[in-house]
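Inspection log for the structure reproduced underneath, given as structure tokens.
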Amino acid sequence: MTIRFDNQVAIVTGAGGGLGRAYALELARRGAKVVVNDLGVARDGTGQSDAALKVVDEVVALGGEAIANGGSVTDYDQMAAMVAETCDRWGGVHILINNAGVLRDKSFAKMEPADFRFVVDVHLNGSAHCTKAVWETMRAQNYGRILMTASSTGLFGNFGQANYGAAKLGLAGLTKTLYLEGAKNNIRVNTIAPVAGTRMTEDIFPEAAFDAFNPDAVVPAALYLVSQDAPTNAIVGAGAGVFQASYVTLTRGIRLAGEDLTPEGVAAHWAAITDRTGEIVPQSGSEQAQSIFARLAGN
């Protein structure tokens with residue numbers, strides 16, 4: 001069955017280029033009305049351009065409907081105003097793709113606190129601002145699809161990106177609470193970890209790899225994750241047409257007592273503690289406590 005977004009309204013942040021632009025165009029092709037949010041800044045968050053307006057023109061050329069918004073995701077009031085304007089114009093917001101981001105890469109030893117703070121503010125706080133701005137609308141209409149953008153750096157680490165990695169793993173954690181809180185109102189929240197050749201990665205990828213990792217190859221995962229039949233609480237890796245699922249797991253662990261309940265005991269039983277046989281994928285934080293109770297009961 002073809003996935004369509006007719007009569008739905010989507011907000012895509014950072015949609016003036018790269019992945020955001022690709023998401024916005026394909027949502028429009030499939031019937032959505034799109035808010036193209038972008039400050040038009042360089043990848044380090046400086047400067048400004050009319051990138052969002054250009055994407056709106058592309059959407060209109062396709063026969064779709066779109067409006068540009070130049071608000072900063074770091075300013076909650078601007079995001080709330082964007083949502084209010086969208087609702088006044090089109091009656092609601094059904095989809096939010098939190099895609100806006102910046103890079104200020106340096107080793108942690110050389111990174112200024114201001115660079116750490118700014119990257120976390122754009123990625124993590126910015127996504128929280130946008131999500132908060134649409135949350136009550138989605139609750140009231142009993143429908144919402146929200147996509148957070150994490151990365152392999154957040155999930156697995158990458159030298160020189162402590163600020164970026166901290167923000168990106170934070171977004172995966174935000175998803176894991178919001179999917180629980182939104183469930184009763186049919187709000188599904190997912191995380192995508194894209195690998196794409198964009199202005200954010202143009203001097204990181206070799207030229208051949210840059211071409212292979214076209215943003216369009218990530219779009220299928222993103223649009224599925226904001227569709228009517230989307231899963232919820234998924235972490236999906238996507239790049240060059242390859243799609244993967246990532247999980248936060250928990251081993252069964254062991255119970256230590258007596259003389260073993262010491263740092264030396266943890267060291268002596270480290271292999272058993274980290275044994276992945278029978279590990280689980282908790283669906284909420286309470287499952288860790290439940291697994292401990294099970295071990296106490298001898299299970």
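Chain labels follow the order of the structure tokens: the first chain is A, the next B, and so on; residue numbering restarts at 1 in every chain, and ligands are counted from 1 in their shown order.
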(request) Might you pull out every residue within 8 Å of His94 (chain A), with only C-alpha atoms counted and same-chain residues fewer than 3 positions away left off, and present them as number ranges by chain? (result) A: 8-10, 138, 143-145
Residues of the last selection are to be written out with C-alpha atoms, as a PDB file, in the first residue's frame.
ATOM      1  CA  GLN A   8      -1.653  16.172   6.886  1.00  0.00           C
ATOM      2  CA  VAL A   9       0.598  19.025   7.937  1.00  0.00           C
ATOM      3  CA  ALA A  10       4.310  18.457   8.498  1.00  0.00           C
ATOM      4  CA  MET A 138      -1.105  16.501  18.783  1.00  0.00           C
ATOM      5  CA  TYR A 143      -2.617  11.984  16.410  1.00  0.00           C
ATOM      6  CA  GLY A 144       1.032  12.825  16.041  1.00  0.00           C
ATOM      7  CA  ARG A 145       4.194  11.483  14.492  1.00  0.00           C
TER       8      ARG A 145
END
(request) From a DSSP pass on the backbone, collect the residues of region 8-247 of chain A flagged as alpha helix (DSSP H) and hand them back as a ChimeraX atom specification. (result) /A:18-29,51-61,76-90,113-120,126-141,152-156,162-182,207-212,219-225
Next, the residues of the selection above should be written as an mmCIF file, in the first residue's frame with C-alpha atoms.
data_model
loop_
_atom_site.group_PDB
_atom_site.id
_atom_site.type_symbol
_atom_site.label_atom_id
_atom_site.label_comp_id
_atom_site.auth_asym_id
_atom_site.auth_seq_id
_atom_site.Cartn_x
_atom_site.Cartn_y
_atom_site.Cartn_z
ATOM 1 C CA GLY A 18 20.417 18.315 2.787
ATOM 2 C CA LEU A 19 18.254 15.790 4.587
ATOM 3 C CA GLY A 20 15.627 18.295 5.684
ATOM 4 C CA ARG A 21 15.058 19.489 2.136
ATOM 5 C CA ALA A 22 14.803 15.892 0.920
ATOM 6 C CA TYR A 23 12.242 15.090 3.627
ATOM 7 C CA ALA A 24 10.191 18.192 2.850
ATOM 8 C CA LEU A 25 10.077 17.552 -0.888
ATOM 9 C CA GLU A 26 9.034 13.911 -0.547
ATOM 10 C CA LEU A 27 6.397 14.718 2.069
ATOM 11 C CA ALA A 28 4.977 17.283 -0.363
ATOM 12 C CA ARG A 29 5.077 14.810 -3.246
ATOM 13 C CA ALA A 51 17.433 28.578 1.916
ATOM 14 C CA ALA A 52 13.917 27.900 3.282
ATOM 15 C CA LEU A 53 12.280 30.114 0.653
ATOM 16 C CA LYS A 54 14.069 28.246 -2.115
ATOM 17 C CA VAL A 55 12.727 24.913 -0.849
ATOM 18 C CA VAL A 56 9.218 26.368 -0.664
ATOM 19 C CA ASP A 57 9.577 27.343 -4.321
ATOM 20 C CA GLU A 58 10.590 23.763 -5.114
ATOM 21 C CA VAL A 59 7.536 22.408 -3.310
ATOM 22 C CA VAL A 60 5.223 24.798 -5.156
ATOM 23 C CA ALA A 61 6.830 23.769 -8.457
ATOM 24 C CA TYR A 76 10.928 28.233 22.342
ATOM 25 C CA ASP A 77 8.731 31.298 21.791
ATOM 26 C CA GLN A 78 9.651 31.342 18.109
ATOM 27 C CA MET A 79 8.779 27.659 17.788
ATOM 28 C CA ALA A 80 5.465 28.175 19.576
ATOM 29 C CA ALA A 81 4.697 31.042 17.199
ATOM 30 C CA MET A 82 5.568 28.828 14.227
ATOM 31 C CA VAL A 83 3.141 26.156 15.401
ATOM 32 C CA ALA A 84 0.408 28.704 16.111
ATOM 33 C CA GLU A 85 0.801 30.181 12.620
ATOM 34 C CA THR A 86 0.706 26.697 11.110
ATOM 35 C CA CYS A 87 -2.450 25.748 12.985
ATOM 36 C CA ASP A 88 -4.142 29.032 12.022
ATOM 37 C CA ARG A 89 -3.326 28.399 8.375
ATOM 38 C CA TRP A 90 -3.894 24.667 8.055
ATOM 39 C CA PRO A 113 32.370 25.258 26.897
ATOM 40 C CA ALA A 114 30.451 27.675 24.675
ATOM 41 C CA ASP A 115 30.831 25.313 21.697
ATOM 42 C CA PHE A 116 29.627 22.380 23.785
ATOM 43 C CA ARG A 117 26.647 24.374 25.059
ATOM 44 C CA PHE A 118 25.660 25.709 21.636
ATOM 45 C CA VAL A 119 25.625 22.303 19.900
ATOM 46 C CA VAL A 120 23.579 20.759 22.711
ATOM 47 C CA GLY A 126 15.980 22.724 19.958
ATOM 48 C CA SER A 127 14.230 19.403 19.368
ATOM 49 C CA ALA A 128 12.616 19.615 22.801
ATOM 50 C CA HIS A 129 11.376 23.135 22.026
ATOM 51 C CA CYS A 130 9.803 22.097 18.723
ATOM 52 C CA THR A 131 8.275 18.989 20.236
ATOM 53 C CA LYS A 132 6.845 20.890 23.189
ATOM 54 C CA ALA A 133 5.394 23.441 20.774
ATOM 55 C CA VAL A 134 3.417 20.759 18.868
ATOM 56 C CA TRP A 135 2.685 18.461 21.817
ATOM 57 C CA GLU A 136 -0.660 19.851 22.982
ATOM 58 C CA THR A 137 -1.917 20.148 19.417
ATOM 59 C CA MET A 138 -1.105 16.501 18.783
ATOM 60 C CA ARG A 139 -2.675 15.447 22.076
ATOM 61 C CA ALA A 140 -5.859 17.371 21.286
ATOM 62 C CA GLN A 141 -6.198 15.829 17.821
ATOM 63 C CA SER A 152 26.092 7.048 15.041
ATOM 64 C CA THR A 153 28.209 9.480 17.071
ATOM 65 C CA GLY A 154 25.545 9.642 19.747
ATOM 66 C CA LEU A 155 24.932 5.914 19.735
ATOM 67 C CA PHE A 156 28.508 4.707 19.441
ATOM 68 C CA ALA A 162 31.778 15.148 22.363
ATOM 69 C CA ASN A 163 29.219 17.963 22.132
ATOM 70 C CA TYR A 164 27.422 16.441 19.155
ATOM 71 C CA GLY A 165 27.452 12.931 20.600
ATOM 72 C CA ALA A 166 26.075 14.063 23.960
ATOM 73 C CA ALA A 167 23.213 15.881 22.240
ATOM 74 C CA LYS A 168 22.426 13.038 19.867
ATOM 75 C CA LEU A 169 22.250 10.317 22.514
ATOM 76 C CA GLY A 170 20.122 12.711 24.554
ATOM 77 C CA LEU A 171 17.631 12.757 21.689
ATOM 78 C CA ALA A 172 17.370 8.967 21.720
ATOM 79 C CA GLY A 173 16.662 9.215 25.445
ATOM 80 C CA LEU A 174 14.033 11.902 24.880
ATOM 81 C CA THR A 175 12.298 9.603 22.423
ATOM 82 C CA LYS A 176 12.177 6.799 24.966
ATOM 83 C CA THR A 177 10.173 8.871 27.425
ATOM 84 C CA LEU A 178 7.969 10.732 24.944
ATOM 85 C CA TYR A 179 6.801 7.538 23.232
ATOM 86 C CA LEU A 180 5.450 6.411 26.618
ATOM 87 C CA GLU A 181 3.812 9.738 27.420
ATOM 88 C CA GLY A 182 2.292 10.101 23.954
ATOM 89 C CA GLU A 207 34.229 12.165 -2.598
ATOM 90 C CA ALA A 208 33.057 8.749 -3.819
ATOM 91 C CA ALA A 209 31.374 7.993 -0.491
ATOM 92 C CA PHE A 210 29.804 11.460 -0.415
ATOM 93 C CA ASP A 211 28.087 10.734 -3.713
ATOM 94 C CA ALA A 212 26.935 7.270 -2.596
ATOM 95 C CA VAL A 219 14.162 9.513 3.085
ATOM 96 C CA PRO A 220 12.332 6.140 2.923
ATOM 97 C CA ALA A 221 13.115 5.389 6.569
ATOM 98 C CA ALA A 222 12.233 8.877 7.773
ATOM 99 C CA LEU A 223 8.890 8.939 5.996
ATOM 100 C CA TYR A 224 7.957 5.459 7.167
ATOM 101 C CA LEU A 225 8.739 6.503 10.751
#
(message) Which residues are close to region 269-272 of chain A, i.e. within 9 Å by only C-alpha atoms, leaving aside same-chain residues fewer than 5 positions away? Reply as a count of residues only.
(response) 5
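Taking CA of Gln228 (chain A) and CA of Phe5 (chain A) as endpoints, the distance between them is 8.4 Å.
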Ala297 (chain A) environment, 12 Å, only C-alpha atoms, sequence neighbours closer than 4 positions dropped, as an mmCIF file with C-alpha atoms, in the first residue's frame:
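The resulting selection02.cif:
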data_model
loop_
_atom_site.group_PDB
_atom_site.id
_atom_site.type_symbol
_atom_site.label_atom_id
_atom_site.label_comp_id
_atom_site.auth_asym_id
_atom_site.auth_seq_id
_atom_site.Cartn_x
_atom_site.Cartn_y
_atom_site.Cartn_z
ATOM 1 C CA ILE A 254 24.211 -11.577 38.524
ATOM 2 C CA ARG A 255 23.550 -10.914 42.191
ATOM 3 C CA GLN A 290 11.875 -5.557 37.401
ATOM 4 C CA SER A 291 14.870 -7.512 36.130
ATOM 5 C CA ILE A 292 16.645 -6.933 39.447
ATOM 6 C CA PHE A 293 13.606 -8.195 41.361
#
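Those residues of region 72-221 of chain A that DSSP, working from the backbone, places in strand (DSSP E or B) are Ile95, Leu96, Ile97, Lys106, Gly144, Arg145, Ile146, Leu147, Met148, Thr149, Gln161, Ile187, Arg188, Val189, Asn190, Thr191, Ile192, Ala193 and Pro194 of chain A.
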